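The next block is work05.txt, given as compact mmCIF, C-alpha atoms.
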```
# COMPACT_ATOMS: atom_id res chain seq x y z
CA MET A 1 -26.79 -62.29 -34.87
CA GLN A 2 -29.98 -63.14 -36.69
CA VAL A 3 -33.21 -63.93 -34.86
CA LEU A 4 -35.46 -66.46 -36.57
CA THR A 5 -38.01 -65.89 -33.80
CA ARG A 6 -38.41 -69.60 -33.11
CA GLY A 7 -39.37 -70.02 -29.47
CA VAL A 8 -39.48 -66.29 -28.81
CA THR A 9 -42.28 -63.96 -27.82
CA HIS A 10 -41.98 -60.22 -27.36
CA LEU A 11 -44.34 -60.38 -24.41
CA VAL A 12 -42.92 -63.08 -22.17
CA VAL A 13 -39.25 -62.50 -21.52
CA SER A 14 -36.87 -65.06 -20.06
CA GLN A 15 -35.05 -64.79 -16.77
CA VAL A 16 -31.48 -63.54 -16.96
CA VAL A 17 -29.08 -64.70 -14.26
CA SER A 18 -26.23 -62.33 -15.01
CA GLU A 19 -25.44 -59.46 -17.35
CA GLY A 20 -22.04 -58.36 -18.50
CA GLY A 21 -20.41 -60.66 -15.97
CA VAL A 22 -22.21 -58.87 -13.11
CA PRO A 23 -24.73 -60.79 -10.95
CA VAL A 24 -28.15 -59.27 -11.42
CA ALA A 25 -30.03 -58.35 -8.28
CA SER A 26 -33.80 -58.49 -8.47
CA THR A 27 -35.32 -55.23 -9.70
CA LEU A 28 -38.86 -55.91 -8.60
CA THR A 29 -41.04 -57.46 -5.98
CA THR A 30 -44.50 -58.91 -6.50
CA ASP A 31 -47.58 -58.61 -4.34
CA LEU A 32 -48.37 -62.27 -3.71
CA VAL A 33 -52.09 -61.57 -3.39
CA SER A 34 -52.68 -59.36 -6.45
CA GLY A 35 -49.75 -60.55 -8.53
CA ARG A 36 -48.89 -56.93 -9.36
CA THR A 37 -45.28 -55.88 -9.75
CA SER A 38 -43.60 -53.08 -7.82
CA LEU A 39 -42.02 -51.47 -10.88
CA GLY A 40 -43.03 -47.93 -11.80
CA GLU A 41 -44.44 -46.93 -15.16
CA PRO A 42 -42.26 -46.23 -18.20
CA GLN A 43 -41.52 -42.62 -19.09
CA GLN A 44 -41.46 -41.57 -22.73
CA ARG A 45 -40.04 -38.46 -24.35
CA ARG A 46 -39.52 -37.20 -27.89
CA LEU A 47 -36.20 -35.65 -28.82
CA GLY A 48 -35.43 -33.05 -31.44
CA GLN A 49 -36.84 -34.38 -34.70
CA GLY A 50 -39.11 -36.84 -32.89
CA ALA A 51 -36.98 -39.85 -31.99
CA ALA A 52 -38.56 -41.69 -29.05
CA VAL A 53 -36.83 -42.51 -25.79
CA VAL A 54 -38.56 -44.71 -23.24
CA SER A 55 -37.09 -45.35 -19.81
CA LEU A 56 -37.76 -47.12 -16.56
CA ASP A 57 -35.89 -46.28 -13.38
CA LEU A 58 -34.62 -49.44 -11.66
CA PRO A 59 -32.75 -48.02 -8.65
CA GLN A 60 -31.55 -51.41 -7.39
CA ALA A 61 -30.24 -52.73 -10.71
CA PRO A 62 -26.43 -53.13 -10.86
CA VAL A 63 -26.29 -52.26 -14.57
CA THR A 64 -27.96 -49.93 -17.05
CA CYS A 65 -29.19 -51.28 -20.38
CA LEU A 66 -29.34 -49.10 -23.48
CA ASP A 67 -31.36 -50.78 -26.22
CA PHE A 68 -31.70 -49.11 -29.63
CA TRP A 69 -34.59 -50.49 -31.72
CA CYS A 70 -35.37 -49.80 -35.38
CA ARG A 71 -38.08 -51.00 -37.76
CA ALA A 72 -35.39 -52.30 -40.09
CA GLY A 73 -35.76 -56.07 -39.95
CA SER A 74 -35.81 -58.33 -42.99
CA ALA A 75 -39.50 -57.55 -43.64
CA ALA A 76 -38.47 -53.99 -44.53
CA GLU A 77 -36.31 -55.21 -47.42
CA THR A 78 -37.29 -55.08 -51.06
CA PRO A 79 -36.63 -58.31 -53.02
CA ALA A 80 -33.39 -56.79 -54.31
CA GLU A 81 -32.31 -56.02 -50.72
CA SER A 82 -32.59 -59.62 -49.48
CA GLY A 83 -30.31 -60.06 -46.47
CA LEU A 84 -29.32 -56.39 -46.17
CA ALA A 85 -30.91 -55.91 -42.73
CA HIS A 86 -28.79 -58.64 -41.13
CA PHE A 87 -25.71 -57.74 -43.22
CA LEU A 88 -26.01 -54.13 -42.03
CA GLU A 89 -26.14 -55.30 -38.42
CA HIS A 90 -22.75 -56.92 -39.03
CA MET A 91 -21.34 -53.83 -40.76
CA VAL A 92 -22.41 -51.48 -37.99
CA PHE A 93 -19.78 -53.06 -35.74
CA LYS A 94 -17.05 -52.39 -38.31
CA GLY A 95 -16.97 -48.81 -37.06
CA SER A 96 -18.00 -45.24 -37.86
CA GLU A 97 -16.14 -42.13 -38.97
CA ARG A 98 -14.99 -41.66 -35.37
CA LEU A 99 -14.68 -45.30 -34.31
CA GLY A 100 -12.35 -47.76 -35.97
CA ALA A 101 -13.21 -51.41 -36.53
CA GLY A 102 -13.41 -53.13 -33.16
CA GLU A 103 -12.95 -49.88 -31.21
CA PHE A 104 -16.57 -49.82 -30.03
CA ASP A 105 -16.25 -53.22 -28.36
CA LEU A 106 -12.93 -52.32 -26.76
CA ARG A 107 -14.27 -49.09 -25.30
CA VAL A 108 -17.49 -50.70 -24.02
CA GLU A 109 -15.45 -53.48 -22.42
CA ALA A 110 -13.16 -50.86 -20.85
CA LEU A 111 -16.26 -49.36 -19.23
CA GLY A 112 -17.02 -52.76 -17.72
CA GLY A 113 -19.85 -53.47 -20.15
CA SER A 114 -20.91 -55.74 -22.99
CA SER A 115 -22.89 -55.39 -26.22
CA ASN A 116 -24.81 -57.42 -28.75
CA ALA A 117 -27.37 -57.08 -31.52
CA ALA A 118 -30.08 -59.12 -33.23
CA THR A 119 -32.01 -58.91 -36.50
CA GLY A 120 -35.54 -60.27 -36.73
CA PHE A 121 -38.31 -60.22 -39.28
CA ASP A 122 -39.84 -56.98 -38.00
CA ASP A 123 -36.98 -55.07 -36.40
CA VAL A 124 -33.34 -54.92 -35.40
CA HIS A 125 -31.92 -53.88 -32.06
CA TYR A 126 -28.51 -53.10 -30.58
CA HIS A 127 -28.04 -53.20 -26.83
CA VAL A 128 -25.30 -52.26 -24.39
CA LEU A 129 -25.03 -53.20 -20.71
CA VAL A 130 -22.79 -50.95 -18.62
CA PRO A 131 -22.36 -49.81 -15.03
CA PRO A 132 -24.73 -46.88 -14.35
CA SER A 133 -21.84 -44.40 -14.07
CA ALA A 134 -20.84 -45.16 -17.68
CA ALA A 135 -24.31 -44.75 -19.23
CA ALA A 136 -23.70 -41.30 -20.77
CA GLU A 137 -20.48 -42.36 -22.49
CA ALA A 138 -22.07 -45.60 -23.67
CA ILE A 139 -24.98 -43.66 -25.20
CA ASP A 140 -22.56 -41.64 -27.32
CA LEU A 141 -20.67 -44.74 -28.42
CA LEU A 142 -23.84 -46.68 -29.30
CA LEU A 143 -25.50 -43.84 -31.22
CA ASP A 144 -22.32 -43.02 -33.13
CA LEU A 145 -21.97 -46.63 -34.22
CA VAL A 146 -25.62 -47.24 -35.14
CA LEU A 147 -26.51 -43.90 -36.72
CA ALA A 148 -23.31 -43.21 -38.63
CA PRO A 149 -21.71 -46.51 -39.70
CA ARG A 150 -18.71 -46.10 -41.99
CA LEU A 151 -19.63 -48.93 -44.45
CA ASP A 152 -16.10 -49.05 -45.83
CA GLY A 153 -15.82 -50.92 -49.13
CA GLN A 154 -12.96 -53.19 -48.05
CA ASP A 155 -14.66 -54.05 -44.75
CA PHE A 156 -17.88 -54.61 -46.70
CA ASP A 157 -16.30 -57.28 -48.91
CA MET A 158 -14.66 -59.00 -45.93
CA GLU A 159 -17.87 -59.02 -43.87
CA ARG A 160 -19.84 -60.34 -46.84
CA GLN A 161 -17.76 -63.51 -46.57
CA VAL A 162 -18.62 -63.76 -42.87
CA VAL A 163 -22.34 -63.47 -43.66
CA LEU A 164 -22.07 -65.99 -46.51
CA GLU A 165 -20.33 -68.41 -44.16
CA GLU A 166 -23.13 -67.91 -41.63
CA LEU A 167 -25.63 -68.70 -44.38
CA ALA A 168 -23.64 -71.81 -45.34
CA GLN A 169 -23.65 -73.00 -41.73
CA SER A 170 -27.41 -72.52 -41.57
CA GLU A 171 -27.88 -74.42 -44.83
CA ASP A 172 -25.70 -77.23 -43.44
CA GLN A 173 -27.99 -77.77 -40.45
CA PRO A 174 -30.91 -79.94 -41.61
CA GLU A 175 -33.05 -78.90 -38.64
CA GLU A 176 -32.77 -75.25 -39.69
CA VAL A 177 -33.41 -76.15 -43.32
CA ALA A 178 -36.61 -77.94 -42.31
CA PHE A 179 -37.75 -74.98 -40.25
CA GLN A 180 -37.10 -72.56 -43.13
CA GLN A 181 -38.96 -74.83 -45.54
CA LEU A 182 -41.93 -74.83 -43.18
CA LEU A 183 -42.03 -71.03 -43.17
CA SER A 184 -41.57 -70.72 -46.94
CA ARG A 185 -44.48 -73.11 -47.57
CA ALA A 186 -46.75 -71.70 -44.87
CA CYS A 187 -46.05 -68.04 -45.76
CA PRO A 188 -45.47 -67.96 -49.54
CA GLY A 189 -45.00 -64.49 -50.94
CA HIS A 190 -44.59 -62.95 -47.48
CA ALA A 191 -41.44 -61.66 -45.79
CA TYR A 192 -41.93 -64.15 -42.95
CA GLY A 193 -41.42 -66.96 -45.45
CA GLN A 194 -38.02 -65.61 -46.52
CA PRO A 195 -34.75 -66.28 -44.66
CA ILE A 196 -33.56 -63.41 -42.48
CA LEU A 197 -30.01 -64.18 -43.60
CA GLY A 198 -31.07 -63.50 -47.18
CA ARG A 199 -30.62 -65.32 -50.46
CA ARG A 200 -27.07 -66.25 -51.50
CA GLN A 201 -27.31 -64.69 -54.97
CA ALA A 202 -28.55 -61.39 -53.53
CA LEU A 203 -25.85 -61.32 -50.84
CA GLU A 204 -23.13 -61.90 -53.42
CA GLY A 205 -24.39 -58.95 -55.46
CA HIS A 206 -24.88 -56.37 -52.69
CA ARG A 207 -22.79 -53.20 -52.74
CA ALA A 208 -21.97 -50.74 -49.97
CA GLY A 209 -23.98 -47.99 -51.71
CA ALA A 210 -27.17 -50.05 -51.57
CA MET A 211 -26.60 -50.71 -47.87
CA ALA A 212 -26.05 -47.00 -47.24
CA ALA A 213 -29.36 -46.26 -48.99
CA PHE A 214 -31.12 -48.93 -46.87
CA HIS A 215 -29.69 -47.35 -43.72
CA GLU A 216 -30.61 -43.84 -44.85
CA ARG A 217 -34.20 -44.89 -45.59
CA LEU A 218 -34.92 -46.74 -42.35
CA TYR A 219 -32.68 -45.47 -39.55
CA ARG A 220 -34.77 -42.33 -39.07
CA ALA A 221 -36.19 -40.49 -36.06
CA ASP A 222 -39.77 -41.70 -36.60
CA ASN A 223 -38.66 -45.28 -37.21
CA CYS A 224 -36.59 -46.00 -34.12
CA CYS A 225 -36.67 -45.98 -30.33
CA LEU A 226 -34.05 -45.96 -27.58
CA ALA A 227 -34.96 -47.81 -24.37
CA VAL A 228 -33.10 -47.16 -21.13
CA ALA A 229 -33.53 -49.34 -18.03
CA GLY A 230 -31.49 -49.12 -14.86
CA PRO A 231 -30.65 -46.58 -12.15
CA LEU A 232 -31.46 -43.14 -13.62
CA GLY A 233 -30.38 -41.17 -10.55
CA ASP A 234 -30.94 -37.41 -10.78
CA GLY A 235 -32.09 -37.56 -14.39
CA ALA A 236 -28.90 -36.08 -15.86
CA ILE A 237 -29.10 -38.73 -18.57
CA TRP A 238 -32.06 -36.87 -20.10
CA GLU A 239 -30.02 -33.69 -20.52
CA HIS A 240 -27.34 -35.78 -22.18
CA LEU A 241 -29.85 -37.32 -24.57
CA GLU A 242 -31.22 -33.89 -25.52
CA ASN A 243 -27.76 -33.07 -26.86
CA SER A 244 -27.02 -36.45 -28.40
CA ALA A 245 -26.95 -37.60 -32.02
CA LEU A 246 -30.41 -39.07 -31.52
CA ALA A 247 -31.89 -35.59 -30.95
CA SER A 248 -30.64 -34.40 -34.35
CA LEU A 249 -31.62 -37.55 -36.26
CA ALA A 250 -33.84 -36.52 -39.18
CA ARG A 251 -37.33 -37.85 -39.79
CA SER A 252 -38.27 -39.92 -42.82
CA ASP A 253 -39.00 -38.11 -46.07
CA GLN A 254 -42.30 -40.00 -46.14
CA PRO A 255 -43.63 -40.08 -42.56
CA LEU A 256 -44.39 -43.54 -41.22
CA SER A 257 -47.68 -44.25 -39.49
CA ALA A 258 -47.76 -45.86 -36.05
CA ASP A 259 -48.92 -49.15 -37.57
CA SER A 260 -46.53 -49.20 -40.51
CA GLY A 261 -44.77 -52.50 -40.96
CA PRO A 262 -44.89 -55.65 -43.08
CA SER A 263 -48.01 -56.47 -45.06
CA SER A 264 -50.66 -58.51 -43.28
CA LEU A 265 -49.85 -62.21 -43.08
CA GLN A 266 -52.15 -64.81 -44.59
CA LEU A 267 -50.88 -68.27 -43.69
CA HIS A 268 -51.65 -70.98 -46.27
CA PRO A 269 -52.88 -74.25 -44.72
CA GLY A 270 -51.67 -77.47 -46.27
CA SER A 271 -49.13 -80.24 -45.93
CA ASP A 272 -45.97 -81.54 -47.55
CA THR A 273 -43.16 -84.03 -47.05
CA VAL A 274 -39.44 -83.45 -47.57
CA ALA A 275 -36.39 -85.71 -47.32
CA LEU A 276 -33.28 -84.01 -45.96
CA PRO A 277 -29.72 -85.34 -46.00
CA ARG A 278 -28.01 -85.69 -42.58
CA LEU A 279 -31.29 -85.31 -40.68
CA GLU A 280 -30.80 -87.68 -37.75
CA ALA A 281 -34.46 -88.12 -36.78
CA ALA A 282 -37.80 -87.41 -38.39
CA ARG A 283 -39.62 -84.21 -37.54
CA LEU A 284 -43.19 -83.11 -37.71
CA LEU A 285 -43.40 -79.34 -38.06
CA MET A 286 -46.65 -77.38 -37.94
CA ALA A 287 -47.44 -73.67 -38.19
CA TRP A 288 -50.61 -71.77 -37.29
CA GLN A 289 -51.39 -68.08 -37.63
CA VAL A 290 -52.75 -66.28 -34.56
CA PRO A 291 -53.37 -62.57 -33.81
CA ALA A 292 -50.54 -60.10 -34.34
CA ALA A 293 -48.30 -58.83 -31.53
CA GLY A 294 -50.32 -55.62 -31.31
CA ASP A 295 -53.33 -57.51 -29.92
CA LEU A 296 -51.89 -57.98 -26.44
CA GLU A 297 -54.84 -59.74 -24.87
CA ALA A 298 -55.19 -62.28 -27.69
CA VAL A 299 -51.45 -62.99 -27.75
CA ILE A 300 -51.42 -63.55 -24.00
CA GLY A 301 -54.35 -65.94 -24.46
CA CYS A 302 -52.44 -67.81 -27.17
CA ASP A 303 -49.47 -68.01 -24.83
CA LEU A 304 -51.77 -69.68 -22.32
CA LEU A 305 -52.88 -72.21 -24.95
CA THR A 306 -49.36 -73.15 -26.02
CA THR A 307 -48.35 -73.48 -22.37
CA LEU A 308 -51.36 -75.66 -21.60
CA LEU A 309 -50.53 -77.90 -24.57
CA ALA A 310 -46.75 -78.27 -24.38
CA GLU A 311 -45.10 -76.69 -21.31
CA GLY A 312 -43.91 -79.28 -18.81
CA ARG A 313 -44.61 -82.95 -18.28
CA ARG A 314 -48.21 -82.29 -17.24
CA SER A 315 -49.09 -80.47 -20.46
CA ARG A 316 -51.35 -82.32 -22.85
CA LEU A 317 -49.00 -82.98 -25.77
CA VAL A 318 -45.96 -83.83 -23.63
CA ALA A 319 -47.97 -86.08 -21.32
CA ARG A 320 -49.64 -87.96 -24.19
CA LEU A 321 -46.87 -88.30 -26.77
CA ARG A 322 -43.72 -88.45 -24.66
CA GLU A 323 -44.72 -89.63 -21.18
CA GLN A 324 -47.55 -92.07 -21.98
CA LEU A 325 -47.10 -93.29 -25.57
CA ARG A 326 -43.34 -92.61 -25.80
CA LEU A 327 -43.68 -91.77 -29.48
CA VAL A 328 -41.43 -88.69 -29.50
CA GLU A 329 -38.00 -87.70 -28.27
CA SER A 330 -39.24 -84.16 -27.74
CA ILE A 331 -42.18 -81.94 -28.58
CA ASP A 332 -42.23 -78.15 -28.47
CA LEU A 333 -44.94 -75.60 -29.19
CA ASP A 334 -43.80 -71.97 -29.33
CA LEU A 335 -45.58 -68.66 -29.72
CA ASN A 336 -43.82 -66.07 -31.86
CA GLY A 337 -45.19 -62.54 -31.49
CA LEU A 338 -44.92 -60.83 -34.90
CA GLU A 339 -46.30 -57.55 -36.18
CA ALA A 340 -48.07 -58.81 -39.32
CA GLY A 341 -49.53 -61.88 -37.66
CA SER A 342 -48.09 -64.09 -34.95
CA LEU A 343 -47.10 -67.70 -35.50
CA VAL A 344 -47.47 -70.78 -33.35
CA LEU A 345 -44.83 -73.33 -34.35
CA LEU A 346 -44.76 -76.99 -33.36
CA GLU A 347 -41.79 -79.35 -33.63
CA ALA A 348 -41.99 -83.04 -32.73
CA VAL A 349 -38.88 -85.23 -33.06
CA CYS A 350 -39.38 -88.97 -33.48
CA GLU A 351 -38.35 -92.10 -35.35
CA SER A 352 -39.45 -92.14 -39.00
CA GLU A 353 -41.74 -95.15 -38.51
CA HIS A 354 -43.59 -93.31 -35.76
CA LEU A 355 -44.26 -90.16 -37.77
CA PRO A 356 -47.81 -91.07 -38.96
CA ALA A 357 -48.83 -92.01 -35.42
CA VAL A 358 -47.29 -88.83 -34.02
CA GLU A 359 -49.17 -86.67 -36.50
CA ALA A 360 -52.46 -88.43 -35.80
CA GLU A 361 -52.02 -88.18 -32.03
CA ILE A 362 -51.12 -84.48 -32.10
CA LYS A 363 -54.23 -83.74 -34.12
CA ARG A 364 -56.30 -85.86 -31.75
CA VAL A 365 -55.03 -83.99 -28.67
CA ILE A 366 -55.77 -80.61 -30.26
CA GLN A 367 -59.22 -81.70 -31.39
CA GLU A 368 -59.97 -82.82 -27.83
CA LEU A 369 -59.13 -79.32 -26.62
CA ILE A 370 -61.31 -77.79 -29.32
CA ALA A 371 -64.20 -80.09 -28.39
CA ALA A 372 -64.51 -79.09 -24.73
CA PRO A 373 -63.31 -76.27 -22.45
CA PRO A 374 -60.19 -77.11 -20.43
CA PRO A 375 -60.66 -77.62 -16.66
CA LEU A 376 -60.12 -74.56 -14.50
CA ALA A 377 -57.15 -76.17 -12.72
CA GLU A 378 -55.40 -76.71 -16.05
CA VAL A 379 -55.87 -73.08 -17.07
CA GLU A 380 -54.74 -71.82 -13.67
CA ARG A 381 -51.55 -73.87 -13.95
CA ALA A 382 -50.86 -72.31 -17.36
CA LYS A 383 -51.55 -68.85 -15.94
CA ARG A 384 -49.01 -69.38 -13.19
CA LEU A 385 -46.35 -70.50 -15.65
CA VAL A 386 -46.96 -67.62 -18.06
CA GLY A 387 -47.23 -65.02 -15.31
CA ASN A 388 -44.13 -66.20 -13.48
CA GLY A 389 -42.14 -66.28 -16.71
CA TYR A 390 -43.06 -62.66 -17.33
CA ARG A 391 -42.26 -61.60 -13.75
CA PHE A 392 -38.92 -63.41 -13.76
CA GLY A 393 -38.00 -61.60 -16.97
CA LEU A 394 -38.56 -58.26 -15.30
CA GLU A 395 -35.78 -59.03 -12.86
CA SER A 396 -33.06 -57.85 -15.25
CA ALA A 397 -32.44 -54.44 -16.78
CA GLY A 398 -31.70 -56.02 -20.16
CA SER A 399 -35.05 -57.80 -20.38
CA VAL A 400 -36.93 -54.71 -19.21
CA ALA A 401 -35.23 -52.50 -21.81
CA GLY A 402 -35.92 -55.03 -24.55
CA LEU A 403 -39.59 -55.22 -23.65
CA LEU A 404 -39.95 -51.43 -23.46
CA GLY A 405 -38.04 -50.79 -26.67
CA ASN A 406 -39.97 -53.28 -28.77
CA ASN A 407 -43.37 -52.19 -27.46
CA HIS A 408 -42.76 -48.48 -27.92
CA LEU A 409 -41.18 -48.95 -31.34
CA TRP A 410 -44.48 -50.38 -32.53
CA GLY A 411 -46.71 -47.88 -30.74
CA ARG A 412 -47.68 -50.06 -27.79
CA HIS A 413 -47.45 -47.51 -24.97
CA GLN A 414 -48.68 -49.86 -22.28
CA PRO A 415 -47.89 -50.22 -18.58
CA ILE A 416 -45.40 -52.87 -17.48
CA GLN A 417 -48.31 -54.54 -15.70
CA ALA A 418 -50.41 -54.83 -18.90
CA PRO A 419 -49.58 -58.46 -19.80
CA LEU A 420 -50.40 -59.62 -16.28
CA ASP A 421 -53.67 -57.72 -16.38
CA ALA A 422 -54.47 -59.31 -19.75
CA LEU A 423 -53.71 -62.74 -18.30
CA ALA A 424 -56.38 -62.25 -15.64
CA HIS A 425 -59.04 -61.69 -18.33
CA TRP A 426 -58.89 -65.27 -19.61
CA ASP A 427 -61.02 -68.06 -18.17
CA PRO A 428 -61.58 -71.60 -19.56
CA GLN A 429 -64.80 -70.75 -21.39
CA ARG A 430 -63.43 -67.64 -23.08
CA LEU A 431 -60.17 -69.39 -24.00
CA TRP A 432 -62.08 -72.31 -25.48
CA HIS A 433 -64.62 -70.20 -27.33
CA GLU A 434 -62.32 -67.52 -28.79
CA LEU A 435 -58.88 -69.05 -29.27
CA THR A 436 -58.81 -72.85 -29.38
CA PRO A 437 -60.41 -72.86 -32.88
CA LEU A 438 -57.33 -71.00 -34.15
CA LEU A 439 -55.26 -74.15 -33.53
CA ASP A 440 -57.54 -76.39 -35.57
CA PRO A 441 -55.21 -78.72 -37.51
CA GLU A 442 -57.14 -77.80 -40.67
CA ARG A 443 -55.86 -74.23 -40.26
CA ALA A 444 -52.21 -75.32 -40.04
CA PHE A 445 -49.46 -76.03 -42.50
CA CYS A 446 -47.87 -79.37 -41.70
CA LEU A 447 -44.40 -80.40 -42.91
CA ARG A 448 -43.09 -83.93 -42.46
CA ALA A 449 -39.28 -83.95 -42.58
CA LEU A 450 -37.65 -87.34 -43.09
CA PRO A 451 -33.97 -88.38 -43.14
CA ALA A 452 -32.90 -88.83 -46.78
```
Show me the file's structure as structure tokens.
Amino acid sequence: MQVLTRGVTHLVVSQVVSEGGVPVASTLTTDLVSGRTSLGEPQQRRLGQGAAVVSLDLPQAPVTCLDFWCRAGSAAETPAESGLAHFLEHMVFKGSERLGAGEFDLRVEALGGSSNAATGFDDVHYHVLVPPSAAAEAIDLLLDLVLAPRLDGQDFDMERQVVLEELAQSEDQPEEVAFQQLLSRACPGHAYGQPILGRRQALEGHRAGAMAAFHERLYRADNCCLAVAGPLGDGAIWEHLENSALASLARSDQPLSADSGPSSLQLHPGSDTVALPRLEAARLLMAWQVPAAGDLEAVIGCDLLTTLLAEGRRSRLVARLREQLRLVESIDLDLNGLEAGSLVLLEAVCESEHLPAVEAEIKRVIQELIAAPPPLAEVERAKRLVGNGYRFGLESAGSVAGLLGNNHLWGRHQPIQAPLDALAHWDPQRLWHELTPLLDPERAFCLRALPA
């Protein structure tokens, strides 16, 4: 599964109601006065050649999540490797030397668990949810699959067709085409402007040997992290990990620094108009660059801004354009935490004749926010929404493992409480002075998508 990162942030994780078919009991409580969570602090260890493992004991969780993260997203590709990161994610599940095609899924399901994977711009991750008693066996299965994929030539050719069909489906959805055109225009020459699925011509030319070289280069001890969240019991899982394939995973020939990753993003402001066949309604798409995911406090502040502007009927953009003027069918403003520079993406859906008015009104609302600090009550409402979203996300082992794995992969060794602490540092004046100018319409790329 590819992740285009639309509507996703690495810092605010969504609530999960169930995992692997098992109802998820709450893993934390919150002090209603301080807002602090009851979770402990993550524990980190280095195995063998230096592969990182980060864990958090959740004694009350009904499942254990194992989440393997690697800095091997599409931004790690060379131009000739376009699409290999996502293609490799598919091929991993075709088996290893010890696991036949489909055997991994069958064995995980036999343990009462489930698995999935996702490829993004910056990284790729593979996660397994299993009952706590099956964690050791699941670790061996996951590491065998991810670290030693077979990459059989016949399976390679068959899976290529699956990936090409996925690309064709994406190209057949005008909403996705518009979104990709926004990124390609806003981020020209940068990996974030390229499709995670890859370019068709490159995909058709890829060979198993090139994929093996991509895997060999990036799936290394200093370029990956395993996150474990759930009941850890007596700690026997650590002894198991010390003797696992992860402990013997070699380091990169050229050591990677803690801040290694895609080149710094420089978004290009501007505007354009496109006409797309089969697009049912017009869309106004806008993109702004904001601080990278590594700047936790700034990203949390940007999350507050996007929430204040477009989260719920009382937010400024929704209230003005949908509730009062009824110019749009929907309007969304999403923060996407990315390593080379985060993106704020806006999408407004409306009738074609309303598009000029929608664009003008959106810019007017944002300029009003830039002109004067927001009222305290408005900021406090946004803080509650952002903080509660983060706390709700911590109620599942899967969300906790994902948060830990991503943060530690990129060198952010921060307490679970850190985003909530950062949230408390923002007040209306600081938000207005430091961050609202980043959403100036003059700093954005604006794409008007019209039905052809």
re atom CA of Val124 of chain A and atom CA of Asp144 of chain A: distance 16.4 Å
Expected answer as a PyMOL selection string: all residues with atoms within 9 Å of (-54.5, -80.5, -20.1), all atoms listed in the file | chain A and resi 308-309+314-317+319+369+374-375+377-379
Which value, in Å to one decimal, gives the distance between atom CA of Cys65 of chain A and atom CA of Pro149 of chain A?
->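 If I compute the distance from atom CA of Cys65 of chain A to atom CA of Pro149 of chain A, I get 21.3 Å.
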Please, which residues in segment 142-221 of chain A fall within 8 Å of segment 80-87 of chain A when counting all atoms listed in the file, and what is the closest atom pair and distance in Å to one decimal for each, ordered by chain then residue number, as JSON lines?
```
{"residue": "A:Glu159", "atom": "CA", "partner": "A:Phe87", "partner_atom": "CA", "distance": 8.0}
{"residue": "A:Arg160", "atom": "CA", "partner": "A:Phe87", "partner_atom": "CA", "distance": 7.4}
{"residue": "A:Val163", "atom": "CA", "partner": "A:Phe87", "partner_atom": "CA", "distance": 6.7}
{"residue": "A:Pro195", "atom": "CA", "partner": "A:Gly83", "partner_atom": "CA", "distance": 7.9}
{"residue": "A:Ile196", "atom": "CA", "partner": "A:Gly83", "partner_atom": "CA", "distance": 6.1}
{"residue": "A:Leu197", "atom": "CA", "partner": "A:Gly83", "partner_atom": "CA", "distance": 5.0}
{"residue": "A:Gly198", "atom": "CA", "partner": "A:Gly83", "partner_atom": "CA", "distance": 3.6}
{"residue": "A:Arg199", "atom": "CA", "partner": "A:Ser82", "partner_atom": "CA", "distance": 6.1}
{"residue": "A:Ala202", "atom": "CA", "partner": "A:Ser82", "partner_atom": "CA", "distance": 6.0}
{"residue": "A:Leu203", "atom": "CA", "partner": "A:Gly83", "partner_atom": "CA", "distance": 6.4}
{"residue": "A:His206", "atom": "CA", "partner": "A:Glu81", "partner_atom": "CA", "distance": 7.7}
{"residue": "A:Ala210", "atom": "CA", "partner": "A:Glu81", "partner_atom": "CA", "distance": 7.9}
{"residue": "A:Met211", "atom": "CA", "partner": "A:Leu84", "partner_atom": "CA", "distance": 6.5}
{"residue": "A:Phe214", "atom": "CA", "partner": "A:Leu84", "partner_atom": "CA", "distance": 7.7}
```
In Å and to one decimal, atom CA of Arg98 of chain A is distant from atom CA of Met158 of chain A by 20.3 Å
Compare A:Gly50, A:Ala221, A:Ala236, A:Leu346 by their minimum atom-to-atom distance to Ser133 of chain A, counting all atoms listed in the file, and give me the closest one.
-> A:Ala236
Which residue gives the smallest distance to Ala178 of chain A among A:Asp272, A:Asp295, A:Glu166, A:Glu103, with only C-alpha atoms counted?
->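 The answer is A:Asp272, which sits nearest to Ala178 of chain A.
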